[in-house]
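Pasting data.txt here (compact mmCIF, C-alpha atoms and all ligand atoms):
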# COMPACT_ATOMS: atom_id res chain seq x y z
CA MET A 1 1.75 -15.90 15.99
CA PRO A 2 2.09 -13.22 13.31
CA ALA A 3 -0.77 -12.66 10.86
CA ILE A 4 1.79 -12.56 8.06
CA SER A 5 5.46 -13.44 8.29
CA PHE A 6 7.99 -12.81 5.53
CA GLN A 7 11.31 -14.52 6.23
CA HIS A 8 14.30 -13.80 3.97
CA VAL A 9 12.13 -13.68 0.88
CA GLY A 10 14.01 -13.41 -2.41
CA LYS A 11 12.58 -13.46 -5.91
CA THR A 12 14.44 -13.48 -9.18
CA TYR A 13 12.59 -13.32 -12.49
CA PRO A 14 14.41 -14.66 -15.53
CA GLY A 15 14.70 -12.00 -18.21
CA ALA A 16 15.93 -11.70 -21.78
CA ARG A 17 18.60 -9.24 -20.68
CA GLY A 18 19.59 -11.10 -17.51
CA ALA A 19 17.69 -11.95 -14.37
CA VAL A 20 15.66 -9.31 -12.52
CA GLN A 21 15.99 -9.43 -8.76
CA ALA A 22 12.55 -8.26 -7.70
CA LEU A 23 12.98 -9.07 -3.98
CA ASP A 24 16.16 -9.32 -1.94
CA ASP A 25 16.07 -10.80 1.57
CA VAL A 26 12.76 -9.28 2.65
CA SER A 27 11.94 -10.04 6.28
CA PHE A 28 9.21 -8.60 8.47
CA ASP A 29 6.16 -9.70 10.43
CA ILE A 30 2.69 -8.21 10.54
CA GLU A 31 0.86 -8.84 13.81
CA PRO A 32 -2.83 -9.72 14.07
CA GLY A 33 -4.98 -6.61 14.08
CA GLU A 34 -2.40 -4.33 12.48
CA PHE A 35 -3.21 -1.92 9.67
CA PHE A 36 0.08 -2.19 7.82
CA GLY A 37 1.26 -0.22 4.79
CA LEU A 38 3.69 -1.44 2.15
CA LEU A 39 5.08 1.48 0.18
CA GLY A 40 7.62 1.89 -2.57
CA PRO A 41 8.08 3.35 -6.04
CA ASN A 42 6.94 1.58 -9.23
CA GLY A 43 8.83 -1.67 -9.63
CA ALA A 44 9.96 -1.83 -5.99
CA GLY A 45 8.56 -5.34 -5.58
CA LYS A 46 5.26 -4.75 -3.72
CA THR A 47 3.05 -6.75 -6.07
CA THR A 48 5.68 -9.48 -6.31
CA LEU A 49 5.65 -9.83 -2.52
CA ILE A 50 1.85 -9.97 -2.50
CA SER A 51 1.83 -12.52 -5.34
CA ILE A 52 4.10 -14.77 -3.30
CA LEU A 53 1.84 -14.29 -0.28
CA ALA A 54 -1.17 -15.23 -2.41
CA GLY A 55 0.55 -18.31 -3.82
CA LEU A 56 0.47 -16.86 -7.34
CA ALA A 57 4.26 -16.71 -7.56
CA ARG A 58 6.98 -18.79 -5.93
CA ALA A 59 9.71 -17.19 -3.88
CA THR A 60 13.21 -18.04 -5.10
CA SER A 61 14.30 -18.19 -1.46
CA GLY A 62 12.86 -17.71 2.00
CA SER A 63 9.39 -18.44 3.32
CA VAL A 64 6.04 -16.78 3.95
CA THR A 65 3.35 -17.78 6.41
CA VAL A 66 -0.21 -16.57 6.99
CA LEU A 67 -1.42 -17.18 10.57
CA GLY A 68 1.26 -19.84 10.79
CA HIS A 69 0.35 -21.58 7.53
CA ASP A 70 3.16 -21.79 5.01
CA VAL A 71 1.97 -20.43 1.66
CA VAL A 72 3.62 -23.30 -0.23
CA THR A 73 3.33 -26.39 1.98
CA ASP A 74 0.00 -25.39 3.55
CA TYR A 75 -1.40 -23.45 0.61
CA ALA A 76 -5.11 -24.10 1.09
CA GLN A 77 -5.20 -22.93 4.71
CA ALA A 78 -2.97 -19.95 3.98
CA ARG A 79 -5.07 -18.89 1.00
CA ARG A 80 -8.34 -19.29 2.90
CA SER A 81 -7.05 -16.91 5.58
CA LEU A 82 -6.45 -14.22 2.98
CA GLY A 83 -8.70 -11.83 1.09
CA ILE A 84 -6.70 -10.31 -1.73
CA VAL A 85 -7.65 -7.33 -3.86
CA PRO A 86 -5.29 -7.59 -6.84
CA GLN A 87 -3.72 -4.61 -8.58
CA GLU A 88 -4.77 -5.86 -12.01
CA LEU A 89 -8.45 -5.94 -12.96
CA VAL A 90 -9.35 -9.56 -13.60
CA PHE A 91 -12.94 -10.73 -13.76
CA ASP A 92 -15.22 -13.19 -15.42
CA PRO A 93 -17.38 -11.39 -17.99
CA PHE A 94 -20.14 -13.99 -18.03
CA PHE A 95 -21.57 -13.48 -14.58
CA SER A 96 -23.52 -10.81 -12.76
CA VAL A 97 -21.97 -9.08 -9.78
CA ARG A 98 -23.95 -11.18 -7.30
CA GLU A 99 -23.23 -14.43 -9.12
CA SER A 100 -19.53 -13.74 -9.21
CA LEU A 101 -19.54 -13.05 -5.47
CA ARG A 102 -21.44 -16.28 -4.76
CA ILE A 103 -18.99 -18.24 -6.91
CA GLN A 104 -16.01 -16.64 -5.23
CA GLY A 105 -17.46 -17.53 -1.84
CA GLY A 106 -17.90 -21.09 -3.10
CA TYR A 107 -14.18 -21.41 -3.80
CA PHE A 108 -13.53 -20.88 -0.13
CA GLY A 109 -16.17 -23.23 1.15
CA VAL A 110 -18.86 -20.65 1.82
CA ARG A 111 -22.18 -22.37 1.06
CA THR A 112 -23.71 -21.07 -2.16
CA ASP A 113 -26.67 -23.40 -2.63
CA ALA A 114 -29.02 -21.93 -0.04
CA LYS A 115 -27.81 -18.40 -0.74
CA ALA A 116 -26.50 -18.66 2.80
CA ASN A 117 -24.01 -15.88 2.34
CA ASP A 118 -26.38 -13.42 0.71
CA ALA A 119 -26.83 -11.21 3.77
CA TRP A 120 -23.08 -10.61 3.89
CA ILE A 121 -22.96 -10.15 0.11
CA ASP A 122 -25.70 -7.52 0.41
CA GLU A 123 -23.76 -5.76 3.14
CA LEU A 124 -20.61 -5.78 1.00
CA LEU A 125 -22.52 -4.41 -1.98
CA ALA A 126 -24.09 -1.67 0.12
CA ASN A 127 -20.80 -0.66 1.69
CA LEU A 128 -19.10 -0.52 -1.68
CA GLY A 129 -21.87 1.44 -3.39
CA LEU A 130 -22.80 -1.49 -5.64
CA SER A 131 -26.33 -2.32 -4.46
CA ASP A 132 -27.94 -1.14 -7.68
CA LYS A 133 -25.42 -3.13 -9.73
CA ALA A 134 -25.99 -6.50 -8.06
CA ASP A 135 -27.65 -7.97 -11.13
CA ALA A 136 -25.60 -6.14 -13.73
CA ASN A 137 -23.27 -8.20 -15.83
CA MET A 138 -19.58 -7.67 -15.05
CA ARG A 139 -19.09 -6.49 -18.64
CA GLN A 140 -21.45 -3.59 -18.03
CA LEU A 141 -19.45 -2.03 -15.20
CA SER A 142 -17.09 0.90 -15.40
CA GLY A 143 -13.44 0.43 -14.43
CA GLY A 144 -13.94 1.89 -10.95
CA MET A 145 -16.98 -0.32 -10.38
CA LYS A 146 -15.04 -3.43 -11.41
CA ARG A 147 -12.44 -2.50 -8.84
CA ARG A 148 -15.19 -2.27 -6.22
CA VAL A 149 -16.32 -5.78 -7.17
CA LEU A 150 -12.76 -7.02 -6.73
CA VAL A 151 -12.81 -5.60 -3.20
CA ALA A 152 -16.12 -7.37 -2.51
CA GLN A 153 -14.74 -10.63 -3.96
CA ALA A 154 -11.74 -10.44 -1.65
CA LEU A 155 -13.98 -10.05 1.40
CA VAL A 156 -16.76 -12.47 0.55
CA HIS A 157 -15.37 -15.36 2.62
CA ARG A 158 -14.71 -13.06 5.62
CA PRO A 159 -10.94 -13.62 5.64
CA PRO A 160 -9.06 -12.68 8.83
CA VAL A 161 -6.25 -11.10 6.79
CA ILE A 162 -7.09 -8.55 4.09
CA VAL A 163 -4.53 -7.57 1.46
CA LEU A 164 -5.19 -4.58 -0.80
CA ASP A 165 -2.80 -3.88 -3.69
CA GLU A 166 -3.51 -0.29 -4.75
CA PRO A 167 -7.26 -0.61 -4.21
CA THR A 168 -7.90 3.08 -4.83
CA ALA A 169 -6.09 3.43 -8.16
CA GLY A 170 -8.68 4.88 -10.53
CA VAL A 171 -11.37 5.07 -7.90
CA ASP A 172 -13.38 8.25 -7.34
CA VAL A 173 -13.16 10.35 -4.18
CA GLU A 174 -16.48 9.21 -2.79
CA LEU A 175 -15.72 5.51 -3.06
CA ARG A 176 -12.28 6.04 -1.62
CA GLN A 177 -13.88 7.46 1.48
CA THR A 178 -16.50 4.71 1.74
CA LEU A 179 -13.89 2.06 1.07
CA TRP A 180 -11.58 3.36 3.79
CA GLN A 181 -14.41 3.64 6.29
CA PHE A 182 -15.36 0.06 5.57
CA VAL A 183 -11.81 -1.30 5.71
CA ALA A 184 -11.14 0.68 8.90
CA ARG A 185 -14.27 -0.87 10.41
CA LEU A 186 -13.13 -4.38 9.46
CA ASN A 187 -9.74 -3.58 11.00
CA LYS A 188 -11.43 -2.41 14.23
CA GLU A 189 -13.36 -5.67 14.28
CA GLY A 190 -10.04 -7.51 14.31
CA HIS A 191 -9.12 -8.08 10.68
CA THR A 192 -5.46 -7.57 9.83
CA VAL A 193 -4.95 -5.27 6.84
CA LEU A 194 -1.97 -5.06 4.49
CA LEU A 195 -2.22 -2.17 2.06
CA THR A 196 -0.09 -0.90 -0.77
CA THR A 197 -0.79 2.52 -2.18
CA HIS A 198 0.88 5.41 -3.92
CA TYR A 199 -1.44 7.83 -2.11
CA LEU A 200 0.81 8.56 0.82
CA GLU A 201 -1.76 10.66 2.63
CA GLU A 202 -3.98 7.56 2.75
CA ALA A 203 -1.14 5.50 4.18
CA GLU A 204 -0.35 8.22 6.72
CA ALA A 205 -3.97 8.40 7.83
CA LEU A 206 -4.65 4.66 7.97
CA CYS A 207 -1.52 2.64 8.66
CA GLY A 208 -0.13 2.15 12.14
CA ARG A 209 3.09 0.72 10.76
CA LEU A 210 4.85 0.91 7.42
CA ALA A 211 7.47 -0.89 5.41
CA MET A 212 9.09 0.80 2.44
CA LEU A 213 10.63 -1.19 -0.37
CA LYS A 214 13.23 0.10 -2.78
CA GLN A 215 14.56 -2.14 -5.54
CA GLY A 216 13.38 -5.21 -3.70
CA ARG A 217 14.87 -4.36 -0.32
CA VAL A 218 13.25 -3.15 2.86
CA VAL A 219 14.65 0.36 3.43
CA ALA A 220 12.24 1.48 6.15
CA LEU A 221 10.23 -0.40 8.74
CA ASP A 222 8.65 1.39 11.64
CA ARG A 223 5.52 2.84 13.13
CA THR A 224 4.11 5.60 10.98
CA SER A 225 4.35 8.07 13.85
CA ALA A 226 8.01 7.20 14.44
CA LEU A 227 8.84 7.60 10.75
CA LEU A 228 7.18 11.00 10.76
CA ALA A 229 8.83 12.06 14.02
CA GLY A 230 12.27 10.89 12.99
CA THR A 231 12.41 13.02 9.90
CA ALA A 232 13.10 16.66 9.27
CA SER A 233 9.96 17.84 11.00
CA THR A 234 9.41 21.18 9.31
CA MET A 235 8.71 22.02 5.71
CA LEU A 236 8.96 25.43 4.06
CA ARG A 237 6.83 25.86 0.97
CA PHE A 238 6.88 28.87 -1.32
CA LYS A 239 6.78 29.98 -4.93
CA MET A 240 9.77 31.46 -6.67
CA ASP A 241 10.83 32.22 -10.23
CA ALA A 242 14.57 32.51 -9.66
CA PRO A 243 16.81 29.42 -9.35
CA LEU A 244 17.50 28.17 -5.84
CA PRO A 245 20.77 29.12 -4.19
CA PRO A 246 23.05 26.07 -4.61
CA GLN A 247 23.43 25.54 -0.84
CA LEU A 248 19.72 24.67 -0.64
CA VAL A 249 19.41 22.33 -3.63
CA GLY A 250 20.20 19.13 -1.72
CA GLN A 251 17.34 19.50 0.77
CA SER A 252 14.76 20.90 -1.64
CA ARG A 253 12.03 19.62 -3.89
CA VAL A 254 11.07 21.82 -6.83
CA THR A 255 7.83 21.33 -8.80
CA GLY A 256 7.55 24.06 -11.40
CA ARG A 257 7.54 27.30 -9.40
CA ILE A 258 6.80 25.56 -6.12
CA VAL A 259 9.73 24.96 -3.83
CA GLN A 260 9.69 22.78 -0.71
CA ILE A 261 12.62 22.75 1.67
CA THR A 262 12.96 20.53 4.73
CA ALA A 263 14.26 21.88 8.00
CA HIS A 264 14.91 20.10 11.29
CA ASP A 265 14.09 22.97 13.64
CA ALA A 266 13.30 26.68 13.91
CA HIS A 267 16.99 27.61 13.80
CA GLU A 268 17.38 25.85 10.46
CA VAL A 269 14.28 27.65 9.16
CA GLU A 270 15.97 30.97 10.00
CA THR A 271 19.18 29.86 8.30
CA ILE A 272 17.30 28.90 5.13
CA LEU A 273 15.44 32.21 5.05
CA GLY A 274 18.79 33.99 5.55
CA VAL A 275 20.36 32.13 2.61
CA LEU A 276 17.39 33.08 0.42
CA ARG A 277 17.56 36.73 1.52
CA ASN A 278 21.32 36.95 0.96
CA ALA A 279 20.91 35.48 -2.53
CA GLY A 280 18.32 38.15 -3.32
CA CYS A 281 15.52 35.58 -3.70
CA GLN A 282 11.95 36.67 -3.15
CA PRO A 283 9.82 33.74 -2.04
CA GLU A 284 6.07 34.28 -2.54
CA ASP A 285 3.22 32.73 -0.52
CA LEU A 286 5.61 31.36 2.07
CA GLU A 287 4.15 28.69 4.35
CA ILE A 288 5.84 26.78 7.12
CA GLY A 289 4.27 23.43 7.99
CA ARG A 290 4.86 19.95 9.26
CA ALA A 291 6.65 17.42 7.06
CA ASP A 292 4.32 14.69 5.83
CA LEU A 293 4.77 11.10 4.77
CA GLU A 294 5.64 12.15 1.24
CA ASP A 295 8.62 14.07 2.58
CA VAL A 296 9.68 11.08 4.67
CA PHE A 297 9.25 8.77 1.67
CA LEU A 298 11.42 10.93 -0.57
CA GLU A 299 14.04 11.31 2.13
CA ILE A 300 14.25 7.53 2.55
CA MET A 301 14.20 6.80 -1.18
CA ASN A 302 17.02 9.29 -1.67
CA GLY A 303 19.27 7.83 0.96
CA ALA A 304 18.96 7.07 4.63
CA PRO A 305 17.33 3.69 5.41
CA ARG A 306 15.19 3.68 8.56
CA ILE A 307 14.72 0.27 10.11
CA SER A 308 13.48 0.10 13.68
CA ALA A 309 13.95 -2.78 16.07
CA PRO A 310 11.66 -5.54 14.76
CA VAL A 311 8.77 -4.98 17.13
CA GLY A 312 5.37 -5.92 15.87
CA VAL A 313 3.12 -3.82 18.03
CA ALA A 314 -0.12 -2.64 16.53
CA ALA A 315 -0.89 1.05 16.56
N1 LIG B 401 6.09 -11.71 -14.18
C1 LIG B 401 7.21 -11.01 -14.21
N2 LIG B 401 8.26 -11.35 -15.02
C2 LIG B 401 9.39 -10.65 -15.01
N3 LIG B 401 9.62 -9.57 -14.25
C3 LIG B 401 8.64 -9.17 -13.44
C4 LIG B 401 7.38 -9.84 -13.38
N4 LIG B 401 6.59 -9.21 -12.46
C5 LIG B 401 7.31 -8.19 -11.99
N5 LIG B 401 8.55 -8.16 -12.57
C6 LIG B 401 9.63 -7.20 -12.26
O1 LIG B 401 9.85 -7.23 -10.85
C7 LIG B 401 10.06 -5.92 -10.35
C8 LIG B 401 9.04 -5.62 -9.26
O2 LIG B 401 7.75 -5.50 -9.85
P1 LIG B 401 6.43 -5.35 -8.99
O3 LIG B 401 5.27 -5.50 -9.89
O4 LIG B 401 6.52 -6.27 -7.83
O5 LIG B 401 6.55 -3.85 -8.47
P2 LIG B 401 5.53 -2.94 -7.65
O6 LIG B 401 6.27 -2.47 -6.44
O7 LIG B 401 4.26 -3.65 -7.44
O8 LIG B 401 5.32 -1.69 -8.64
P3 LIG B 401 4.01 -0.78 -8.94
O9 LIG B 401 4.01 0.29 -7.90
O10 LIG B 401 4.30 -0.24 -10.29
O11 LIG B 401 2.80 -1.66 -8.90
C9 LIG B 401 10.03 -4.99 -11.55
O12 LIG B 401 11.35 -4.81 -11.98
C10 LIG B 401 9.23 -5.76 -12.57
O13 LIG B 401 9.59 -5.42 -13.88
MG MG B 402 2.34 -3.31 -7.97
Kindly present the structure from the file in structure tokens form.
Ligand SMILES: Nc1ncnc2c1ncn2[C@@H]1O[C@H](COP(=O)(O)OP(=O)(O)OP(=O)(O)O)[C@@H](O)[C@H]1O
Ligand SMILES: [Mg+2]
Amino acid sequence: MPAISFQHVGKTYPGARGAVQALDDVSFDIEPGEFFGLLGPNGAGKTTLISILAGLARATSGSVTVLGHDVVTDYAQARRSLGIVPQELVFDPFFSVRESLRIQGGYFGVRTDAKANDAWIDELLANLGLSDKADANMRQLSGGMKRRVLVAQALVHRPPVIVLDEPTAGVDVELRQTLWQFVARLNKEGHTVLLTTHYLEEAEALCGRLAMLKQGRVVALDRTSALLAGTASTMLRFKMDAPLPPQLVGQSRVTGRIVQITAHDAHEVETILGVLRNAGCQPEDLEIGRADLEDVFLEIMNGAPRISAPVGVAA
């Protein structure tokens, strides 16, 4: 049984200037134990999909299950199986960090009276660098600290399936590392993880399998390694003041003076260098390296969809 199953999910929001189709026939399964990444540009539909999973929004069509529980007809069981870190910061300003975690645990049937869950709460606080803030009021926390509390809240009832919607947005480098160590540990211990992020190097490092959404549709679904292997595998990077020769524009990314050009093999690298030489270009600080997930992402967003056979094998 999949940890999460999306079947033909569609979502249309009514809008003043016509309906917005946020999701269009989204189907994929996430198997128990997977560390799965959901990627896509702003507005692609990631948060909408997670809201439907969490029961916060209704799909216009299709169905979603968590460990076999339908998120609409079996809401309580589905919701209890999930720990969700929302993209938006929402919190109750009247409680301390520890109180809010006890209350959150209470929603999911974790006993709060005898402080039964406090050992786990302490472990969460320690792992998220919040130990010294346990008694601070939520109002007194910085933005990054509030986000840490949201992560703790999501995990307080030890859910088998953990969903993180851009958990590292606005979070400092140190916490990012601690957070990923902790989430990776939970994943090793058997928790399924669904992550959305715009930090593609995080997704590349952590996720065994990825789905990419574009305008509400799944345009890539495969193991991370297969997505990386199936792309132009080499990347030339250099600095240049002159404009690029027109033959190279289609396969290049230009950021200020920095030019990146994808190549499929050594022969193509030679060809590109030849084109530059013939055009009288003088690339500075030339480096030749492996394409990364950002290159794959841009390639897919600019055209070729990449859907593998729907296998749900964990990395
Ligand atoms: N409550 C809503 N009412 C109307 N339209 C909405 C609502 N929520 C989202 N949308 C629209 O649905 C589309 C998908 O939005 P969504 O928030 O799911 O994107 P996202 O992939 O999470 O983007 P981001 O990376 O910016 O978080 C967008 O066009 C957005 O404007
Ligand atoms: Mg979002």
Would you kindly return, as a compact mmCIF listing (two decimals) with C-alpha atoms, in the frame of the given file, each protein, DNA or RNA residue with an atom no farther than 12 Å from any atom of Ile272 of chain A, considering all atoms listed in the file and excluding same-chain residues fewer than 5 positions away?
# COMPACT_ATOMS: atom_id res chain seq x y z
CA THR A 234 9.41 21.18 9.31
CA MET A 235 8.71 22.02 5.71
CA LEU A 236 8.96 25.43 4.06
CA ARG A 237 6.83 25.86 0.97
CA LEU A 244 17.50 28.17 -5.84
CA PRO A 245 20.77 29.12 -4.19
CA PRO A 246 23.05 26.07 -4.61
CA GLN A 247 23.43 25.54 -0.84
CA LEU A 248 19.72 24.67 -0.64
CA VAL A 249 19.41 22.33 -3.63
CA GLN A 251 17.34 19.50 0.77
CA SER A 252 14.76 20.90 -1.64
CA GLN A 260 9.69 22.78 -0.71
CA ILE A 261 12.62 22.75 1.67
CA THR A 262 12.96 20.53 4.73
CA ALA A 263 14.26 21.88 8.00
CA HIS A 264 14.91 20.10 11.29
CA ASP A 265 14.09 22.97 13.64
CA ALA A 266 13.30 26.68 13.91
CA HIS A 267 16.99 27.61 13.80
CA ARG A 277 17.56 36.73 1.52
CA ASN A 278 21.32 36.95 0.96
CA ALA A 279 20.91 35.48 -2.53
CA CYS A 281 15.52 35.58 -3.70
CA PRO A 283 9.82 33.74 -2.04
CA ILE A 288 5.84 26.78 7.12
**OP:** Kindly provide, as a ChimeraX atom specification, all nucleotide and amino acid residues lying within 10 Å of ligand LIG 401 (chain B), counting all atoms listed in the file.
**Re:** /A:11-16,19-23,38-52,57,87-88,165-166,196-198,212-216
List the spatial neighbours of Gly303 of chain A as a JSON list (two decimals) with C-alpha atoms, keeping the file's coordinate frame - criterion: any atom at most 12 Å away, only C-alpha atoms, same-chain residues fewer than 5 positions off excluded.
[["chain", "number", "residue", "atom", "x", "y", "z"],
["A", 214, "LYS", "CA", 13.23, 0.10, -2.78],
["A", 219, "VAL", "CA", 14.65, 0.36, 3.43],
["A", 220, "ALA", "CA", 12.24, 1.48, 6.15],
["A", 250, "GLY", "CA", 20.20, 19.13, -1.72],
["A", 251, "GLN", "CA", 17.34, 19.50, 0.77],
["A", 296, "VAL", "CA", 9.68, 11.08, 4.67],
["A", 297, "PHE", "CA", 9.25, 8.77, 1.67],
["A", 298, "LEU", "CA", 11.42, 10.93, -0.57]]
Original post:
If we count only C-alpha atoms, what is near Lys146 of chain A at a cut-off of 8 Å, once residues fewer than 5 positions away on the same chain are taken out, given as a list in words?
Top reply: Leu89, Phe91, Met138 and Leu141 of chain A
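Atom CA of Val183 of chain A is positioned 28.0 Å from atom CA of Gly230 of chain A.
Compared by their closest atoms to Pro2 of chain A, and using only C-alpha atoms, the residues A:Leu125, A:Val161, A:Val173, A:Leu130 rank with A:Val161 nearest.
Among the candidates A:Ser142, A:Leu164, A:Val90, A:Asp118, the residue lying nearest to ligand MG 402 (chain B) is A:Leu164 (atoms considered: only C-alpha atoms and all ligand atoms).
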Original post:
From the list A:Val85, A:Phe35, A:Arg58, A:Ala76, which residue is nearest ligand MG 402 (chain B) when using only C-alpha atoms and all ligand atoms?
Top reply: A:Val85
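Taking all atoms listed in the file into account, Gly83 of chain A lies nearest to A:Thr192 out of the set A:Thr271, A:Asn117, A:Thr192, A:Ser131.
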So which residues touch Tyr199 of chain A within 9 Å, counting only C-alpha atoms, skipping near sequence neighbours fewer than 2 positions away, as a PDB file with C-alpha atoms, in the coordinates of the input?
ATOM      1  CA  GLU A 166      -3.510  -0.290  -4.750  1.00  0.00           C
ATOM      2  CA  THR A 168      -7.900   3.080  -4.830  1.00  0.00           C
ATOM      3  CA  ALA A 169      -6.090   3.430  -8.160  1.00  0.00           C
ATOM      4  CA  THR A 196      -0.090  -0.900  -0.770  1.00  0.00           C
ATOM      5  CA  THR A 197      -0.790   2.520  -2.180  1.00  0.00           C
ATOM      6  CA  GLU A 201      -1.760  10.660   2.630  1.00  0.00           C
ATOM      7  CA  GLU A 202      -3.980   7.560   2.750  1.00  0.00           C
ATOM      8  CA  ALA A 203      -1.140   5.500   4.180  1.00  0.00           C
ATOM      9  CA  GLU A 204      -0.350   8.220   6.720  1.00  0.00           C
ATOM     10  CA  GLU A 294       5.640  12.150   1.240  1.00  0.00           C
TER      11      GLU A 294
END
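Atom CA of Phe108 of chain A lies 17.3 Å from atom CA of His191 of chain A.
Of the listed residues A:Ser81, A:Phe95, A:Ser61, A:Ala205, the one whose atoms come nearest to Ser225 of chain A is A:Ala205, with distances taken using only C-alpha atoms.
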